[in-house]
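Undergrad: First the structure, then my questions, so here it is.
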Amino acid sequence: MTRENIPDLLAWFRLLSSPVILFLIIADGSDEGLMLVPAIIAFIAAWTDYFDGKLARKWNVSSKTGAFLDTIADKIFVSTIFIGFTVIGRVSVWITVLLISREFIVMALRGLAGNEGNMIPPSITGKLKASFQFWSIGFVMFDFDLAVLNWSIDEVVVFIALLLSYISGYQYFREYYINQ
């Protein structure tokens, strides 16, 4: 293994850990309480998103394959975990459907733009969205007993992630149509 492969291997870890985390969430099956083992794996996997990009840029080993793998790993990671949260009753189905729908619609839009020779780079809001999605996963798994105006803290963080998802989605659509 060379250092050129490390960023892609980190993305592969995130991708392949997703069904394992989903299995552990569903096996736990509780709608409350700490989910320690899937939380630890998800924490490590979420950090791979930061390090795979950082290392690829630092070592100048970025590739189209790596960028695609990074993007698809993020989508599958977030989608499978939120599906698990919905199955066990920790996150409402409407939130999961909205998050997953946005992810794949934006991915399709960026693919369409790429086929037309246009690149829609990740936006700051998109990166913030991804960060809040990862944080929301942690908050839901740790099930903090803290409320803000009758909303649990994990519901607040999930809602912020959902809101940022649609704000950044709008920005991607705007960017696409501006470049038409």
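The chains in the structure tokens are called A, B, ... from first to last as shown; in each chain the residues are counted from 1, and the ligands are counted from 1 in the order shown.
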May I have all residues of chain A that DSSP, computed from the backbone, assigns to strand (DSSP E or B), given as a list in words?

TA: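 Taking chain A and keeping strand (DSSP E or B) only, one gets Ala147, Val148, Trp151 and Ser152 of chain A.
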
Undergrad: Determine, counting only C-alpha atoms, which protein, DNA and RNA residues have an atom within 9 Å of an atom of Ile88 of chain A; residues of the same chain fewer than 6 positions away are not included. Present the result as a PyMOL selection string.

TA: chain A and resi 25-26+28-31

Undergrad: Output the selection as a compact mmCIF listing (two decimals), in the first residue's frame - N, CA and C atoms for each residue.

TA:
# COMPACT_ATOMS: atom_id res chain seq x y z
N ILE A 25 -27.16 -0.76 14.51
CA ILE A 25 -28.26 0.10 14.93
C ILE A 25 -29.55 -0.72 15.04
N ILE A 26 -29.83 -1.49 14.01
CA ILE A 26 -31.06 -2.28 14.00
C ILE A 26 -30.99 -3.40 15.04
N ASP A 28 -29.44 -3.26 17.87
CA ASP A 28 -29.70 -2.61 19.17
C ASP A 28 -31.20 -2.38 19.31
N GLY A 29 -31.79 -1.81 18.27
CA GLY A 29 -33.23 -1.66 18.19
C GLY A 29 -33.89 -0.76 19.19
N SER A 30 -33.13 -0.09 20.02
CA SER A 30 -33.75 0.74 21.04
C SER A 30 -34.01 2.14 20.53
N ASP A 31 -35.12 2.71 20.96
CA ASP A 31 -35.43 4.07 20.53
C ASP A 31 -34.87 5.10 21.49

Undergrad: Report as a count of residues only: the residues of segment 85-180 of chain A with a DSSP assignment of helix (DSSP H, G or I), based on the backbone of this structure.

TA: 71

Undergrad: Between A:Ile120, A:Leu98, A:Leu128, A:Val91, which is the closest to Val156 of chain A once you count only C-alpha atoms?

TA: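 Between A:Ile120, A:Leu98, A:Leu128, A:Val91, the residue approaching Val156 of chain A most closely is A:Val91.
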
Undergrad: Write out as an NGL selection string the residues lying within 9 Å of Leu10 of chain A, counting only C-alpha atoms and excluding same-chain residues fewer than 6 positions away.

TA: :A and (45 or 48-49 or 51-52 or 70)

Undergrad: Print the selection's residues with C-alpha atoms to a file, as a PDB file, in the first residue's frame.

TA:
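Listed below is the output, part31.pdb:
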ATOM      1  CA  ALA A  45     -15.827   6.664   9.654  1.00  0.00           C
ATOM      2  CA  THR A  48     -12.246   9.558   7.370  1.00  0.00           C
ATOM      3  CA  ASP A  49     -14.213  12.106   5.314  1.00  0.00           C
ATOM      4  CA  PHE A  51      -8.744  12.976   6.327  1.00  0.00           C
ATOM      5  CA  ASP A  52      -9.230  11.451   2.883  1.00  0.00           C
ATOM      6  CA  ASP A  70     -15.673  10.144  -1.531  1.00  0.00           C
TER       7      ASP A  70
END

Undergrad: Give me the residues near Pro7 of chain A as a PyMOL selection string, where near means some atom within 12 Å (using only C-alpha atoms) and where sequence neighbours in that chain fewer than 4 positions away do not count.

TA: chain A and resi 1-3+11-14+47-63+65-67+69-70

Undergrad: Closest to Phe85 of chain A among A:Ser152, A:Ser168, A:Asn115, A:Ser136, using only C-alpha atoms?

TA: A:Ser136

Undergrad: Select, from A:Lys75, A:Glu4, A:Leu162, A:Leu9, the residue with the minimum atom-to-atom distance to Phe132 of chain A, counting only C-alpha atoms.

TA: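 Among the listed residues, the smallest separation from Phe132 of chain A belongs to A:Leu162.
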
Undergrad: Between atom CA of Met107 of chain A and atom CA of Ile153 of chain A, what is the distance in Å, rounded to a tenth?

TA: 28.9 Å

Undergrad: What is the distance, in Å and to one decimal place, between atom CA of Gln133 of chain A and atom CA of Leu36 of chain A?

TA: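 It comes out at 18.2 Å.
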
Undergrad: Using only C-alpha atoms, which protein or nucleic acid residues come within 12 Å of segment 170-179 of chain A? Drop anything in the same chain fewer than 6 positions from it, and give the result as a list in words.

TA: Arg102, Glu103, Ile105, Val106, Met107, Ala108, Leu109, Arg110, Gly111, Leu112, Ala113, Gly114, Glu116, Gly117, Asn118, Met119, Ile120, Pro121, Pro122, Ser123, Ile124, Thr125, Gly126, Leu163 and Leu164 of chain A

Undergrad: Between A:Ala161, A:Gly138, A:Asp154, A:Met35, which is the closest to Leu99 of chain A once you count only C-alpha atoms?

TA: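 When distances to Leu99 of chain A are compared using only C-alpha atoms, the smallest one comes from A:Ala161.
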
Undergrad: Taking into account only C-alpha atoms, which residue in the set A:Leu146, A:Leu16, A:Val157, A:Met141 is nearest to Gly89 of chain A?

TA: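 Ranking A:Leu146, A:Leu16, A:Val157, A:Met141 by distance to Gly89 of chain A, first place goes to A:Met141.
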
Undergrad: For a quick check of understanding, using only C-alpha atoms, which of A:Ser17, A:Asn150, A:Asn5, A:Gln180 has the smallest distance to Ile76 of chain A?

TA: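 That would be A:Ser17, the residue with the smallest distance to Ile76 of chain A.
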
Undergrad: Would you pick out the contacts of Ile100 of chain A at 9 Å or less, using only C-alpha atoms, so that residues sharing its chain but fewer than 6 positions from it are not included, and give the list as a PyMOL selection string?

TA: chain A and resi 75+78-79+82
